[in-house]
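Student: One file: run.cif (mmCIF, C-alpha atoms and all ligand atoms).
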```
data_final
loop_
_atom_site.label_atom_id
_atom_site.label_comp_id
_atom_site.auth_asym_id
_atom_site.auth_seq_id
_atom_site.Cartn_x
_atom_site.Cartn_y
_atom_site.Cartn_z
CA MET A 15 77.12 114.65 77.65
CA ALA A 16 75.76 111.20 76.90
CA ILE A 17 73.86 109.28 79.53
CA GLU A 18 75.86 106.11 80.16
CA ARG A 19 75.78 103.08 82.42
CA THR A 20 78.75 101.58 84.23
CA LEU A 21 79.36 98.60 86.50
CA SER A 22 80.34 99.29 90.10
CA ILE A 23 81.33 96.78 92.78
CA ILE A 24 81.67 97.49 96.48
CA LYS A 25 84.44 95.07 97.45
CA PRO A 26 84.76 92.70 100.47
CA ASP A 27 87.00 95.05 102.48
CA ALA A 28 84.18 97.62 102.45
CA THR A 29 81.29 95.22 103.16
CA ALA A 30 83.35 93.86 106.10
CA ARG A 31 83.61 97.36 107.58
CA ASN A 32 79.89 98.07 107.04
CA VAL A 33 80.49 101.18 104.90
CA THR A 34 78.38 100.30 101.85
CA GLY A 35 75.92 103.10 102.64
CA LYS A 36 78.68 105.69 102.95
CA ILE A 37 80.10 104.59 99.59
CA ILE A 38 76.69 104.71 97.90
CA ALA A 39 76.21 108.24 99.30
CA LYS A 40 79.47 109.27 97.58
CA LEU A 41 78.27 107.79 94.27
CA GLU A 42 74.88 109.49 94.51
CA GLY A 43 76.53 112.72 95.60
CA ALA A 44 78.52 112.67 92.36
CA GLY A 45 75.26 112.55 90.37
CA LEU A 46 75.24 108.81 89.66
CA ARG A 47 71.97 106.89 90.01
CA VAL A 48 71.87 103.29 91.26
CA VAL A 49 69.62 101.60 88.66
CA ALA A 50 70.46 98.02 89.72
CA GLN A 51 71.95 96.60 92.90
CA LYS A 52 72.46 93.21 94.54
CA ARG A 53 74.62 91.68 97.23
CA ALA A 54 76.47 88.50 96.27
CA ARG A 55 79.28 86.18 97.27
CA TRP A 56 81.33 85.25 94.22
CA SER A 57 82.63 81.75 93.59
CA GLU A 58 86.24 81.40 92.48
CA ALA A 59 85.03 80.74 88.92
CA GLU A 60 82.93 83.94 88.88
CA ALA A 61 85.82 86.08 90.13
CA GLN A 62 88.26 84.47 87.68
CA LYS A 63 85.91 85.17 84.77
CA PHE A 64 85.25 88.78 85.79
CA TYR A 65 88.98 89.55 86.10
CA GLU A 66 90.06 87.45 83.10
CA VAL A 67 91.69 90.54 81.51
CA HIS A 68 94.16 90.56 84.42
CA LYS A 69 95.01 86.84 84.36
CA GLU A 70 98.64 87.40 83.33
CA ARG A 71 99.19 90.03 86.05
CA PRO A 72 101.19 89.03 89.16
CA PHE A 73 98.33 90.07 91.48
CA TYR A 74 95.62 88.00 89.72
CA ASN A 75 95.47 85.02 92.11
CA ASP A 76 95.51 87.27 95.18
CA LEU A 77 92.81 89.46 93.63
CA VAL A 78 90.55 86.45 93.01
CA ALA A 79 91.12 85.26 96.60
CA PHE A 80 90.29 88.72 97.94
CA MET A 81 87.15 89.15 95.80
CA THR A 82 85.80 85.78 96.99
CA SER A 83 86.71 86.37 100.66
CA GLY A 84 83.39 87.99 101.58
CA PRO A 85 80.21 89.57 100.25
CA ILE A 86 80.25 92.20 97.52
CA VAL A 87 77.62 94.66 96.29
CA LEU A 88 77.18 94.77 92.51
CA GLN A 89 75.62 97.88 91.00
CA VAL A 90 74.74 99.45 87.68
CA LEU A 91 75.22 103.22 87.87
CA GLU A 92 73.64 105.60 85.37
CA GLY A 93 74.35 109.24 84.60
CA ALA A 94 76.07 111.74 82.32
CA SER A 95 79.49 110.29 81.38
CA ALA A 96 78.92 107.67 84.08
CA VAL A 97 82.07 105.65 83.27
CA ALA A 98 84.46 108.59 83.72
CA LYS A 99 82.39 110.15 86.52
CA ASN A 100 82.54 106.93 88.53
CA ARG A 101 86.31 106.58 87.99
CA GLU A 102 86.68 110.18 89.21
CA VAL A 103 84.70 109.63 92.43
CA MET A 104 86.49 106.27 93.04
CA GLY A 105 89.97 107.81 92.92
CA ALA A 106 93.26 106.19 91.88
CA THR A 107 93.78 102.40 92.20
CA ASN A 108 96.39 102.94 94.93
CA PRO A 109 94.75 104.91 97.77
CA ALA A 110 98.12 106.57 98.42
CA ASP A 111 97.63 108.32 95.05
CA ALA A 112 93.87 108.93 95.36
CA ALA A 113 92.69 112.55 95.45
CA PRO A 114 91.23 113.82 98.74
CA GLY A 115 87.49 113.22 99.04
CA THR A 116 87.46 110.22 96.69
CA ILE A 117 86.08 106.86 97.84
CA ARG A 118 89.49 105.19 97.78
CA ALA A 119 91.16 108.06 99.64
CA GLU A 120 88.56 107.74 102.41
CA PHE A 121 87.88 104.00 102.55
CA ALA A 122 90.56 101.90 100.81
CA GLU A 123 92.99 99.91 102.95
CA ASN A 124 95.69 99.38 100.29
CA ILE A 125 96.19 98.94 96.52
CA GLU A 126 94.40 95.56 96.57
CA ARG A 127 91.77 96.16 99.25
CA ASN A 128 90.62 99.36 97.59
CA SER A 129 86.89 99.22 98.32
CA VAL A 130 85.43 99.66 94.82
CA HIS A 131 85.57 98.51 91.22
CA GLY A 132 84.43 100.66 88.29
CA SER A 133 84.41 99.84 84.57
CA ASP A 134 87.21 101.61 82.68
CA SER A 135 85.48 102.18 79.30
CA PRO A 136 81.92 102.20 77.89
CA ASP A 137 82.68 98.97 75.98
CA ASN A 138 83.95 97.20 79.10
CA ALA A 139 80.99 98.58 81.07
CA ALA A 140 78.56 96.93 78.65
CA THR A 141 80.44 93.61 78.88
CA GLU A 142 80.67 93.71 82.70
CA ILE A 143 77.01 94.71 83.14
CA ALA A 144 75.88 91.84 80.89
CA LEU A 145 78.07 89.43 82.89
CA CYS A 146 76.62 90.49 86.25
CA PHE A 147 72.96 91.43 85.61
CA ASP A 148 69.95 90.24 83.65
CA ALA A 149 68.30 93.07 81.72
CA SER A 150 65.17 92.66 83.88
CA GLU A 151 67.19 93.52 87.02
CA ILE A 152 68.09 96.99 85.70
CA VAL A 153 65.38 99.57 86.31
CA GLY A 154 66.30 103.11 85.25
P1 LIG I 201 91.22 99.63 88.85
O1 LIG I 201 90.35 98.84 89.82
O2 LIG I 201 91.58 100.99 89.39
O3 LIG I 201 90.63 99.69 87.46
P2 LIG I 201 93.07 97.64 87.81
O4 LIG I 201 94.45 97.93 87.29
O5 LIG I 201 92.01 97.30 86.81
O6 LIG I 201 92.62 98.87 88.75
O7 LIG I 201 93.22 96.43 88.84
C1 LIG I 201 92.10 95.69 89.26
C2 LIG I 201 92.20 95.49 90.76
O8 LIG I 201 93.32 94.65 91.04
C3 LIG I 201 92.45 96.75 91.59
O9 LIG I 201 91.29 97.50 91.85
C4 LIG I 201 93.04 96.15 92.85
O10 LIG I 201 92.05 95.58 93.70
C5 LIG I 201 93.92 95.04 92.27
N1 LIG I 201 95.29 95.50 92.00
C6 LIG I 201 95.71 96.33 91.01
N2 LIG I 201 97.04 96.54 91.04
C7 LIG I 201 97.49 95.81 92.09
C8 LIG I 201 98.80 95.60 92.66
O11 LIG I 201 99.81 96.13 92.18
N3 LIG I 201 98.85 94.78 93.76
C9 LIG I 201 97.75 94.16 94.29
N4 LIG I 201 96.51 94.33 93.78
C10 LIG I 201 96.37 95.15 92.71
MG MG I 202 90.23 98.13 86.18
#
```
Kindly return the structure encoded in the file as structure tokens.
Ligand code: IDP
Ligand code: MG
Tutor:
Amino acid sequence: MAIERTLSIIKPDATARNVTGKIIAKLEGAGLRVVAQKRARWSEAEAQKFYEVHKERPFYNDLVAFMTSGPIVLQVLEGASAVAKNREVMGATNPADAAPGTIRAEFAENIERNSVHGSDSPDNAATEIALCFDASEIVG
């Protein structure tokens, strides 16, 4: 299995409830290594750019408002098949469908306030990592 990197975001619903450490423990427990991490508060323009792929979706404006409503924690995760591994430990987008033990099953409030973002392909991971981190901030 190839060693990959993926972008992870701990979302404002989770920072508000002070569960970033519990979420990071889940990621590390799945074998993912945090090789970059920073806390940030996105501007509207930053959130709009990050979620540009969703701009035609009906939930886009609400999603941008949610993602700018409080602090987030941006991370680069590294490990074997990190993109798929992270999606597995995150669980389904809607927590009602998320498998027991996944981050979203345990922490998400609803389909929007679902605690974490994870890149959905190696190509998108590379794009999202480059958007959020300078190379010098990633230390593997
Ligand atoms: P993902 O985060 O599981 O990859 P996406 O379809 O890429 O899911 O959607 C991006 C984010 O948009 C979700 O994580 C969630 O916060 C929000 N979202 C997705 N679908 C809905 C919806 O039907 N209603 C409200 N928000 C949604
Ligand atoms: Mg997605």
Student: I'd like the contact shell of Ile117 (chain A) - 7 Å cut-off, all atoms listed in the file, skipping same-chain residues fewer than 4 positions apart - returned as JSON, numbers by chain.
Tutor: {"A": [37, 103, 104, 105, 121]}
Student: Name the closest residue to ligand LIG 201 (chain I) among the candidates A:Val49, A:Ala59, A:Met81, A:Ile38; distances are taken between atoms, counting all atoms listed in the file.
Tutor: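 Looking at the shortest contact to ligand LIG 201 (chain I), the residue is A:Met81.
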Student: Taking all atoms listed in the file into account, produce a table as a Markdown table in which each residue of chain A with an atom at most 12 Å from an atom of ligand LIG 201 (chain I) appears once, together with its shortest atom pair and the distance in Å to one decimal, ordered by chain and rising number.
Tutor:
```
| residue | atom | partner | partner_atom | distance |
| --- | --- | --- | --- | --- |
| A:Leu21 | CA | I:LIG201 | O3 | 11.4 |
| A:Ser22 | CA | I:LIG201 | O1 | 10.0 |
| A:Ile23 | CA | I:LIG201 | O1 | 9.7 |
| A:Ile24 | CA | I:LIG201 | O9 | 10.7 |
| A:Lys25 | CA | I:LIG201 | O10 | 8.5 |
| A:Pro26 | CA | I:LIG201 | O10 | 10.4 |
| A:Asp27 | CA | I:LIG201 | O10 | 10.1 |
| A:Ala28 | CA | I:LIG201 | O10 | 11.9 |
| A:Ala61 | CA | I:LIG201 | C2 | 11.4 |
| A:Gln62 | CA | I:LIG201 | O8 | 11.9 |
| A:Phe64 | CA | I:LIG201 | C1 | 10.3 |
| A:Tyr65 | CA | I:LIG201 | C1 | 7.6 |
| A:Glu66 | CA | I:LIG201 | C1 | 10.5 |
| A:Val67 | CA | I:LIG201 | O5 | 8.6 |
| A:His68 | CA | I:LIG201 | C1 | 7.3 |
| A:Lys69 | CA | I:LIG201 | O8 | 10.4 |
| A:Glu70 | CA | I:LIG201 | O8 | 11.8 |
| A:Arg71 | CA | I:LIG201 | N2 | 8.5 |
| A:Pro72 | CA | I:LIG201 | N3 | 7.7 |
| A:Phe73 | CA | I:LIG201 | C9 | 5.0 |
| A:Tyr74 | CA | I:LIG201 | O8 | 7.2 |
| A:Asn75 | CA | I:LIG201 | N4 | 9.5 |
| A:Asp76 | CA | I:LIG201 | N4 | 7.3 |
| A:Leu77 | CA | I:LIG201 | O8 | 5.8 |
| A:Val78 | CA | I:LIG201 | O8 | 8.9 |
| A:Ala79 | CA | I:LIG201 | O10 | 10.8 |
| A:Phe80 | CA | I:LIG201 | O10 | 8.3 |
| A:Met81 | CA | I:LIG201 | O10 | 8.4 |
| A:Val97 | CA | I:LIG201 | O3 | 11.2 |
| A:Ala98 | CA | I:LIG201 | O3 | 11.5 |
| A:Asn100 | CA | I:LIG201 | O2 | 10.9 |
| A:Arg101 | CA | I:LIG201 | O2 | 7.8 |
| A:Glu102 | CA | I:LIG201 | O2 | 10.4 |
| A:Val103 | CA | I:LIG201 | O2 | 11.5 |
| A:Met104 | CA | I:LIG201 | O2 | 8.2 |
| A:Gly105 | CA | I:LIG201 | O2 | 7.8 |
| A:Ala106 | CA | I:LIG201 | O2 | 6.0 |
| A:Thr107 | CA | I:LIG201 | O2 | 3.8 |
| A:Asn108 | CA | I:LIG201 | N2 | 7.5 |
| A:Pro109 | CA | I:LIG201 | O2 | 9.8 |
| A:Asp111 | CA | I:LIG201 | O2 | 11.1 |
| A:Ala112 | CA | I:LIG201 | O2 | 10.2 |
| A:Ile117 | CA | I:LIG201 | O2 | 11.7 |
| A:Arg118 | CA | I:LIG201 | O2 | 9.6 |
| A:Ala122 | CA | I:LIG201 | O10 | 9.6 |
| A:Glu123 | CA | I:LIG201 | O10 | 10.3 |
| A:Asn124 | CA | I:LIG201 | C9 | 8.2 |
| A:Ile125 | CA | I:LIG201 | N4 | 5.4 |
| A:Glu126 | CA | I:LIG201 | N4 | 3.7 |
| A:Arg127 | CA | I:LIG201 | O10 | 5.6 |
| A:Asn128 | CA | I:LIG201 | O10 | 5.6 |
| A:Ser129 | CA | I:LIG201 | O10 | 7.8 |
| A:Val130 | CA | I:LIG201 | O9 | 6.9 |
| A:His131 | CA | I:LIG201 | O1 | 5.0 |
| A:Gly132 | CA | I:LIG201 | O3 | 6.3 |
| A:Ser133 | CA | I:LIG201 | O3 | 6.9 |
| A:Asp134 | CA | I:LIG201 | O3 | 6.2 |
| A:Ser135 | CA | I:LIG201 | O3 | 10.0 |
| A:Asn138 | CA | I:LIG201 | O3 | 11.0 |
| A:Ala139 | CA | I:LIG201 | O3 | 11.6 |
```
Student: Interatomic distance between CA of Leu88 (chain A) and CA of Arg47 (chain A)?
Tutor: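 Taking CA of Leu88 (chain A) as the start and CA of Arg47 (chain A) as the end point, the length is 13.4 Å.
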Student: Anything within 12 Å of (78.5, 80.9, 96.0): list those residues as a list of chain:residue names, counting all atoms listed in the file and sticking to the file's coordinates.
Tutor: A:Arg53, A:Ala54, A:Arg55, A:Trp56, A:Ser57, A:Glu58, A:Ala59, A:Glu60, A:Ala61, A:Met81, A:Thr82, A:Ser83, A:Gly84, A:Pro85, A:Ile86
Student: So how far away is CA of Thr20 (chain A) from CA of Gln89 (chain A), in Å?
Tutor: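 Answer for the CA of Gln89 (chain A) to CA of Thr20 (chain A) separation: 8.3 Å.
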Student: Rounded to one decimal in Å, what is the spacing between CA of Gly35 (chain A) and CA of Lys52 (chain A)?
Tutor: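 Spanning CA of Gly35 (chain A) to CA of Lys52 (chain A) is a straight-line distance of 13.2 Å.
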Student: Taking only C-alpha atoms and all ligand atoms into account, which of A:Ile152, A:Val48, A:Ala39, A:Glu142 comes nearest ligand MG 202 (chain I)?
Tutor: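 With only C-alpha atoms and all ligand atoms as the atom set, the closest residue is A:Glu142.
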Student: Need the axis-aligned box for region 63-71 of chain A with 3 Å each side, so what are the centre and edges in Å to one decimal, as JSON?
Tutor:
```
{"center_x": 92.2, "center_y": 87.9, "center_z": 83.8, "size_x": 19.9, "size_y": 11.4, "size_z": 10.6}
```
Student: Could I get region 128-141 of chain A rebuilt with N, CA, C and O atoms, written as an mmCIF file, in the frame of the given file?
Tutor:
```
data_model
loop_
_atom_site.group_PDB
_atom_site.id
_atom_site.type_symbol
_atom_site.label_atom_id
_atom_site.label_comp_id
_atom_site.auth_asym_id
_atom_site.auth_seq_id
_atom_site.Cartn_x
_atom_site.Cartn_y
_atom_site.Cartn_z
ATOM 1 N N ASN A 128 90.878 97.949 97.886
ATOM 2 C CA ASN A 128 90.620 99.360 97.590
ATOM 3 C C ASN A 128 89.136 99.693 97.416
ATOM 4 O O ASN A 128 88.774 100.658 96.751
ATOM 5 N N SER A 129 88.289 98.891 98.029
ATOM 6 C CA SER A 129 86.890 99.220 98.320
ATOM 7 C C SER A 129 85.913 99.206 97.153
ATOM 8 O O SER A 129 84.733 98.924 97.348
ATOM 9 N N VAL A 130 86.369 99.575 95.952
ATOM 10 C CA VAL A 130 85.430 99.660 94.820
ATOM 11 C C VAL A 130 86.074 99.244 93.502
ATOM 12 O O VAL A 130 87.276 99.428 93.305
ATOM 13 N N HIS A 131 85.227 98.724 92.624
ATOM 14 C CA HIS A 131 85.570 98.510 91.220
ATOM 15 C C HIS A 131 84.696 99.432 90.381
ATOM 16 O O HIS A 131 83.529 99.639 90.703
ATOM 17 N N GLY A 132 85.234 99.929 89.276
ATOM 18 C CA GLY A 132 84.430 100.660 88.290
ATOM 19 C C GLY A 132 84.933 100.344 86.900
ATOM 20 O O GLY A 132 86.151 100.297 86.674
ATOM 21 N N SER A 133 84.021 100.125 85.957
ATOM 22 C CA SER A 133 84.410 99.840 84.570
ATOM 23 C C SER A 133 85.308 100.970 84.054
ATOM 24 O O SER A 133 85.146 102.130 84.424
ATOM 25 N N ASP A 134 86.251 100.597 83.148
ATOM 26 C CA ASP A 134 87.210 101.610 82.680
ATOM 27 C C ASP A 134 86.924 102.132 81.278
ATOM 28 O O ASP A 134 87.671 102.979 80.775
ATOM 29 N N SER A 135 85.870 101.655 80.621
ATOM 30 C CA SER A 135 85.480 102.180 79.300
ATOM 31 C C SER A 135 84.013 101.833 79.068
ATOM 32 O O SER A 135 83.505 100.868 79.675
ATOM 33 N N PRO A 136 83.319 102.554 78.185
ATOM 34 C CA PRO A 136 81.920 102.200 77.890
ATOM 35 C C PRO A 136 81.785 100.777 77.339
ATOM 36 O O PRO A 136 80.846 100.059 77.696
ATOM 37 N N ASP A 137 82.739 100.336 76.514
ATOM 38 C CA ASP A 137 82.680 98.970 75.980
ATOM 39 C C ASP A 137 82.803 97.943 77.098
ATOM 40 O O ASP A 137 82.044 96.965 77.154
ATOM 41 N N ASN A 138 83.786 98.140 77.988
ATOM 42 C CA ASN A 138 83.950 97.200 79.100
ATOM 43 C C ASN A 138 82.765 97.270 80.058
ATOM 44 O O ASN A 138 82.384 96.261 80.657
ATOM 45 N N ALA A 139 82.176 98.450 80.215
ATOM 46 C CA ALA A 139 80.990 98.580 81.070
ATOM 47 C C ALA A 139 79.867 97.697 80.527
ATOM 48 O O ALA A 139 79.228 96.957 81.299
ATOM 49 N N ALA A 140 79.643 97.736 79.239
ATOM 50 C CA ALA A 140 78.560 96.930 78.650
ATOM 51 C C ALA A 140 78.830 95.442 78.868
ATOM 52 O O ALA A 140 77.920 94.678 79.227
ATOM 53 N N THR A 141 80.079 95.025 78.682
ATOM 54 C CA THR A 141 80.440 93.610 78.880
ATOM 55 C C THR A 141 80.245 93.200 80.339
ATOM 56 O O THR A 141 79.669 92.146 80.643
#
```
